[in-house]
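A.B. asks: One structure coming up, written as structure tokens, with questions to follow.
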Amino acid sequence: MAKSEASNYVAPIFKDRALKHLVMLAGGKKKIAGLMPDQYKKMMRARDKIAYDMQFNQLKWFRPFKYQQDFFELGKTFSRRGMIAANRAGKTIASTFEAAYHLTGEYPKDWKGKVWDRPIIAMASGESWEQVAKTLQSKLLGCDDIKQSYKLGTGSIPKTQIDEKSIRSDGANVLAIEIWHKTGGKSKLYFSNYTQQVRHLQGFELDLVLLDEQPPDETFSELVVRTAARNGQVICSFTPLKGMTGLVRKFWDQIEGYAHVRVTWDDIPFVNEWGEAFFPKEERDQLARDFMPWEREARMKGIPLIGKGVVFPLLEWPIYTGLDLRNNPALERLISFDLGQKNDPTVISFFFRDSVEDIIYLHRQVTVPSGETTDEYVHYLLDRESKGVPIALPHDAGQQGRYTLTEQSVREAFEDSYGLNVIPGAILNPPNDQGKVTNHKSYGINIMRLYMERGQLKIHESCKEFLEEARNYAIDEHGKFSDPDDHIDSARIGVLALIQGHGETQVSRANILQTRRIQPVEGKYQRI
Ligand SMILES: Nc1ncnc2c1ncn2[C@@H]1O[C@H](COP(=O)(O)OP(=O)(O)OP(=O)(O)O)[C@@H](O)[C@H]1O
Ligand SMILES: [Mg+2]
């Protein structure tokens with residue numbers, strides 16, 4: 001047996017820290033130098049005792065970083081908490097120490113977070129069994145392989161509180177364990193992973209759930225349900241490498257009941273409370289160089305990874321209300337369409353544009369249920385405010401019978417039957433550097449993202465469906481955009497038309513209406 005496998009072995013780092021602690025208590029190094037030999041011996045015995053305590057009773061000696069403290073305090077008011085943090089920030093440590101306080105009931109004197117005054121039932125869950133062993137199990141119990149029983153108790157749960165006989169395990173992994181609570185009862189701690197089918201969890205009632213690393217949305221939902229009966233809490237700690245998932249969105253948007261702290265490398269100290277160097281600058285710089293450029297924001301700042309994942313990663317949505325745009329004749333106007341087939345609605349977007357400031361306003365959207373024909377919704381285009389306003393149609397609006405129940409195309413119906421001001425030609429992307437005109441959706445989406453980020457595309461608060469779609473809009477690794485996006489698509493056509501100069505003011509229309517309209521040429525033609 002190696003020396004370090006003896007049950008009373010104490011790692012050198014704790015001996016160093018214990019000595020530092022005693023030196024501090026004694027009032028400095030000089031005082032120690034003046035000790036008599038037997039006093040010195042006594043002090044070394046005290047050091048060994050304290051070092052043992054530091055190793056096997058870590059809960060007593062743990063001092064949270066500022067952001068960890070803030071995270072604990074949120075627990076008083078919020079039952080779903082997220083620590084959305086950079087790598088190496090101390091996420092797993094924070095959640096495993098908090099769990100240990102709850103499991104044992106041994107809260108620090110200055111504790112301002114959630115308190116249970118009875119034993120609890122907790123579940124700690126991570127990506128896979130291997131990951132759970134290496135992180136949650138190792139940090140809670142002290143060993144990543146339960147066979148190394150000499151390490152048991154060197155994690156956040158003190159050795160004396162662990163009921164060794166209660167352990168249920170499978171290979172290296174602990175499945176369940178009981179923890180002595182200060183009331184004399186026992187808390188129960190289960191471990192699980194995200195690959196276990198969530199239905200296996202049905203029937204569990206839990207007080208506390210710990211999720212280390214970003215869980216699939218269904219796993220989160222299943223676990224949060226398990227806490228309902230006992231009015232429990234869910235703690236999530238992760239680096240948001242999976243992008244803006246449904247769960248991250250909830251934290252990011254601070255929906256009711258959800259709170260988070262976001263942690264960047266700037267929030268982590270360079271020296272810990274023992275004066276030891278902690279995650280030094282050179283190491284941070286090297287890692288920054290190691291990370292792929294698109295990962296850096298997530299791994300160093302805890303900002304959800306973008307690229308695959310979220311399409312509009314906005315912290316603040318440019319929403320407006322109460323502006324009197326309708327009565328401003330200097331603003332350009334435009335109406336755009338996304339045409340729906342079968343199960344999709346047709347969405348009509350009404351825009352204003354301030355061409356001086358270059359600000360586009362998505363002022364109103366009308367959702368026409370699928371199956372309604374042009375005759376049924378054309379009245380939206382014929383009222384006093386809309387009549388004559390240029391209408392931007394997508395490329396397929398010219399296809400006969402596709403969106404109408406007749407031989408006509410939407411374009412023909414609008415132009416011929418109702419005399420509407422339809423912009424000739426389909427609205428496509430502007431020509432690229434090589435002069436090519438494409439219809440790639442990502443171009444318009446990118447323009448919308450840029451404009452929204454800069455506050456140049458503003459959305460009226462009534463456009464709720466647009467905002468809902470935009471908040472959840474995602475792109476997968478094959479470049480495919482998520483559904484539904486009818487309201488986004490309708491707006492995209494409008495934005496493309498506006499930036500290509502198709503908007504009209506009341507003033508300019510009055511001047512040029514008679515001469516401007518050019519009839520599109522019939523049949524095939526060649527550009528000369
Ligand atoms: N309050 C603290 N005081 C001293 N050291 C701490 C504290 N919190 C965390 N640490 C140390 O920081 C290091 C990283 O902690 P932890 O593994 O919890 O980070 P993490 O954010 O979960 O990392 P990863 O991104 O790898 O999952 C560990 O060595 C841990 O002991
Ligand atoms: Mg971790």
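By convention here, the chains of the structure tokens are called A, B, ... in the order presented, each chain's residues are numbered starting at 1, and ligands are numbered starting at 1 in the order presented.
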Output as a PDB file with C-alpha atoms, in the first residue's frame all residues of region 354-456 of chain A that backbone DSSP marks as helix (DSSP H, G or I).
C.D. replies:
ATOM      1  CA  THR A 374     -56.031  36.475 -51.043  1.00  0.00           C
ATOM      2  CA  ASP A 375     -59.671  37.659 -51.138  1.00  0.00           C
ATOM      3  CA  GLU A 376     -59.985  36.988 -47.457  1.00  0.00           C
ATOM      4  CA  TYR A 377     -56.963  38.942 -46.320  1.00  0.00           C
ATOM      5  CA  HIS A 379     -58.528  44.096 -46.915  1.00  0.00           C
ATOM      6  CA  TYR A 380     -55.444  44.557 -44.722  1.00  0.00           C
ATOM      7  CA  LEU A 381     -53.765  46.088 -47.792  1.00  0.00           C
ATOM      8  CA  LEU A 382     -56.619  48.274 -48.890  1.00  0.00           C
ATOM      9  CA  HIS A 395     -39.524  34.871 -54.975  1.00  0.00           C
ATOM     10  CA  ASP A 396     -42.259  32.225 -55.197  1.00  0.00           C
ATOM     11  CA  ALA A 397     -45.177  34.674 -55.185  1.00  0.00           C
ATOM     12  CA  GLY A 398     -45.248  34.515 -58.977  1.00  0.00           C
ATOM     13  CA  VAL A 410     -50.487  35.977 -55.602  1.00  0.00           C
ATOM     14  CA  ARG A 411     -48.614  38.596 -57.580  1.00  0.00           C
ATOM     15  CA  GLU A 412     -51.226  38.585 -60.345  1.00  0.00           C
ATOM     16  CA  ALA A 413     -54.099  38.671 -57.895  1.00  0.00           C
ATOM     17  CA  PHE A 414     -52.622  41.676 -56.107  1.00  0.00           C
ATOM     18  CA  GLU A 415     -51.776  43.563 -59.270  1.00  0.00           C
ATOM     19  CA  ASP A 416     -54.614  42.674 -61.595  1.00  0.00           C
ATOM     20  CA  SER A 417     -57.560  42.150 -59.288  1.00  0.00           C
ATOM     21  CA  LYS A 441     -31.692  33.142 -46.215  1.00  0.00           C
ATOM     22  CA  SER A 442     -28.602  33.643 -44.036  1.00  0.00           C
ATOM     23  CA  TYR A 443     -27.782  36.940 -45.752  1.00  0.00           C
ATOM     24  CA  GLY A 444     -31.006  38.643 -44.707  1.00  0.00           C
ATOM     25  CA  ILE A 445     -30.897  37.042 -41.267  1.00  0.00           C
ATOM     26  CA  ASN A 446     -27.411  38.415 -40.743  1.00  0.00           C
ATOM     27  CA  ILE A 447     -28.548  41.888 -41.756  1.00  0.00           C
ATOM     28  CA  MET A 448     -31.415  41.631 -39.289  1.00  0.00           C
ATOM     29  CA  ARG A 449     -29.056  40.525 -36.524  1.00  0.00           C
ATOM     30  CA  LEU A 450     -26.649  43.397 -37.209  1.00  0.00           C
ATOM     31  CA  TYR A 451     -29.445  45.953 -37.396  1.00  0.00           C
ATOM     32  CA  MET A 452     -31.058  44.679 -34.208  1.00  0.00           C
ATOM     33  CA  GLU A 453     -27.732  44.663 -32.355  1.00  0.00           C
TER      34      GLU A 453
END
A.B. asks: Which residues are near ligand 1 - at most 8 Å, using only C-alpha atoms and all ligand atoms? Format: as a PyMOL selection string.
C.D. replies: chain A and resi 62-65+68+85-94+135+212-213+237-239+272-273+278-279+299
A.B. asks: Residues near Ser138 (chain A), anyone? I mean within 10 Å using only C-alpha atoms, not counting same-chain ones fewer than 4 positions away, as a list of chain:residue names.
C.D. replies: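 After dropping sequence-adjacent residues, the list is A:Thr96, A:Gln131, A:Val132, A:Ala133, A:Lys134, A:Gly142, A:Cys143, A:Asp144, A:Asp145, A:Ile146, A:Lys151, A:Leu152, A:Gly153, A:Thr154, A:Gly155, A:Ser156, A:Asn173.
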A.B. asks: Please produce an output containing C-alpha atoms for each residue in the selection, written as an mmCIF file, in the first residue's frame.
C.D. replies:
data_model
loop_
_atom_site.group_PDB
_atom_site.id
_atom_site.type_symbol
_atom_site.label_atom_id
_atom_site.label_comp_id
_atom_site.auth_asym_id
_atom_site.auth_seq_id
_atom_site.Cartn_x
_atom_site.Cartn_y
_atom_site.Cartn_z
ATOM 1 C CA THR A 96 -20.906 20.861 -4.483
ATOM 2 C CA GLN A 131 -17.986 12.671 -15.964
ATOM 3 C CA VAL A 132 -20.162 12.391 -12.854
ATOM 4 C CA ALA A 133 -17.479 10.292 -11.146
ATOM 5 C CA LYS A 134 -14.706 12.725 -12.047
ATOM 6 C CA GLY A 142 -13.511 13.002 -2.365
ATOM 7 C CA CYS A 143 -13.039 9.980 -4.638
ATOM 8 C CA ASP A 144 -13.725 9.447 -8.320
ATOM 9 C CA ASP A 145 -13.578 5.690 -7.765
ATOM 10 C CA ILE A 146 -15.483 4.404 -4.782
ATOM 11 C CA LYS A 151 -10.160 9.226 -0.034
ATOM 12 C CA LEU A 152 -13.773 9.185 1.092
ATOM 13 C CA GLY A 153 -14.510 12.364 3.039
ATOM 14 C CA THR A 154 -11.919 14.545 1.287
ATOM 15 C CA GLY A 155 -14.591 16.333 -0.735
ATOM 16 C CA SER A 156 -17.120 18.935 0.312
ATOM 17 C CA ASN A 173 -19.665 5.216 -9.482
#
A.B. asks: Quick one: residues within 7 Å of Leu103 (chain A), only C-alpha atoms counted, chain neighbours fewer than 3 positions away excluded, as JSON, numbers by chain?
C.D. replies: {"A": [99, 100, 119, 120, 179, 181, 187]}
A.B. asks: Can you work out which one of A:Lys139, A:Lys66, A:Glu98, A:Thr438 has the shortest atom-to-atom distance to Pro269 (chain A), counting only C-alpha atoms?
C.D. replies: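 Distance minimum relative to Pro269 (chain A) lands on A:Lys66.
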A.B. asks: Identify, on the basis of only C-alpha atoms, every residue whose closest approach to Ala470 (chain A) does not exceed 8 Å; exclude the query and any residue fewer than 5 positions from it along the same chain; express the result as an mmCIF file with C-alpha atoms, in the first residue's frame.
C.D. replies:
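As a result, selection.cif now contains:
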data_model
loop_
_atom_site.group_PDB
_atom_site.id
_atom_site.type_symbol
_atom_site.label_atom_id
_atom_site.label_comp_id
_atom_site.auth_asym_id
_atom_site.auth_seq_id
_atom_site.Cartn_x
_atom_site.Cartn_y
_atom_site.Cartn_z
ATOM 1 C CA VAL A 311 -29.206 33.050 -34.306
ATOM 2 C CA PHE A 312 -30.049 36.332 -32.565
ATOM 3 C CA ASP A 485 -39.918 31.227 -38.638
ATOM 4 C CA ILE A 488 -39.027 36.224 -39.179
#
A.B. asks: Show me, as a PyMOL selection string, the residues that have an atom within 10 Å of Ala51 (chain A) when counting only C-alpha atoms, minus same-chain residues fewer than 2 positions from it.
C.D. replies: chain A and resi 10-19+21+45-49+53-57
A.B. asks: Show me, as a list of chain:residue names, the residues that have an atom within 10 Å of Gln365 (chain A) when counting only C-alpha atoms, minus same-chain residues fewer than 2 positions from it.
C.D. replies: A:Ile335, A:Ser336, A:Phe337, A:Val347, A:Ile348, A:Ser349, A:Phe350, A:Phe351, A:Leu362, A:His363, A:Thr367, A:Val368, A:His460, A:Ser462, A:Cys463, A:Lys464, A:Glu465, A:Phe466, A:His487, A:Ser490, A:Ala491
A.B. asks: Let me make sure I understand: among A:Val422, A:Met83, A:Leu175, A:Leu339, which one has the smallest atom-to-atom distance to ligand 2 if we use only C-alpha atoms and all ligand atoms?
C.D. replies: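 Using only C-alpha atoms and all ligand atoms, ligand 2 sits closest to A:Met83.
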A.B. asks: Between A:Leu210, A:Gly75, A:Asp285, A:Val23, single out the one closest to ligand 2, counting only C-alpha atoms and all ligand atoms.
C.D. replies: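 Nearest candidate to ligand 2 out of A:Leu210, A:Gly75, A:Asp285, A:Val23: A:Leu210.
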A.B. asks: Identify, with DSSP run on backbone atoms, the residues in region 157-308 of chain A assigned to strand (DSSP E or B), and express the list as an MDAnalysis selection string.
C.D. replies: chainID A and resid 158 162:170 173:180 186:193 208:212 233:238 258:263 271 277 306
A.B. asks: Take the residues from that selection and write them out as a compact mmCIF listing (two decimals), in the first residue's frame, keeping C-alpha atoms.
C.D. replies:
# COMPACT_ATOMS: atom_id res chain seq x y z
CA PRO A 158 -17.12 15.92 5.80
CA ILE A 162 -20.78 10.10 5.50
CA ASP A 163 -22.54 6.86 6.32
CA GLU A 164 -20.19 4.46 4.53
CA LYS A 165 -22.47 1.49 5.02
CA SER A 166 -25.26 3.19 3.08
CA ILE A 167 -23.33 3.41 -0.19
CA ARG A 168 -24.85 1.83 -3.29
CA SER A 169 -22.43 1.73 -6.18
CA ASP A 170 -21.85 0.45 -9.69
CA ASN A 173 -19.67 5.22 -9.48
CA VAL A 174 -21.69 5.86 -6.38
CA LEU A 175 -25.41 5.61 -7.15
CA ALA A 176 -26.76 6.63 -3.75
CA ILE A 177 -25.38 7.50 -0.34
CA GLU A 178 -26.73 8.71 3.01
CA ILE A 179 -25.35 11.73 4.82
CA TRP A 180 -25.80 12.41 8.53
CA LYS A 186 -30.04 11.37 7.36
CA SER A 187 -30.10 13.13 4.01
CA LYS A 188 -30.04 11.09 0.84
CA LEU A 189 -27.85 11.88 -2.14
CA TYR A 190 -28.43 10.24 -5.51
CA PHE A 191 -26.26 10.49 -8.60
CA SER A 192 -27.50 10.28 -12.18
CA ASN A 193 -26.48 11.32 -15.67
CA LEU A 208 -32.38 19.69 -4.43
CA VAL A 209 -31.10 19.00 -7.92
CA LEU A 210 -27.54 19.77 -8.98
CA LEU A 211 -26.85 19.89 -12.69
CA ASP A 212 -23.19 20.14 -13.60
CA GLN A 233 -34.53 23.94 -5.84
CA VAL A 234 -32.53 23.34 -8.99
CA ILE A 235 -28.94 24.53 -9.29
CA CYS A 236 -27.25 24.50 -12.69
CA SER A 237 -23.59 25.24 -13.22
CA PHE A 238 -22.14 25.21 -16.70
CA TYR A 258 -35.05 32.05 -12.70
CA ALA A 259 -31.87 33.86 -11.73
CA HIS A 260 -28.26 33.46 -12.72
CA VAL A 261 -24.80 34.80 -12.19
CA ARG A 262 -22.50 35.03 -15.18
CA VAL A 263 -18.85 34.57 -14.46
CA VAL A 271 -4.60 34.33 -5.41
CA ALA A 277 -1.35 31.44 -6.82
CA ILE A 306 -22.96 31.17 -31.12
A.B. asks: Could you work out how far CA of Arg402 (chain A) lies from CA of Pro369 (chain A), giving the answer in Å with one decimal?
C.D. replies: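 Between CA of Pro369 (chain A) and CA of Arg402 (chain A) the gap is 15.8 Å.
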A.B. asks: Between CA of Glu461 (chain A) and CA of Thr321 (chain A), what is the spacing in Å?
C.D. replies: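 If I compute the distance from CA of Thr321 (chain A) to CA of Glu461 (chain A), I get 5.9 Å.
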A.B. asks: Would you mind telling me which residue in A:Trp252, A:Ile84, A:Gly243, A:Gly113 lies nearest to ligand 2 when using only C-alpha atoms and all ligand atoms?
C.D. replies: A:Ile84
A.B. asks: Rounded to one decimal in Å, what is the spacing between CA of Glu106 (chain A) and CA of Arg230 (chain A)?
C.D. replies: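 Atom-to-atom, CA of Glu106 (chain A) and CA of Arg230 (chain A) are spaced 20.6 Å apart.
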A.B. asks: Can you work out which one of A:Thr77, A:Gln506, A:Gln148, A:Asn8 has the shortest atom-to-atom distance to Lys114 (chain A), counting only C-alpha atoms?
C.D. replies: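 Result for the nearest residue to Lys114 (chain A): A:Thr77.
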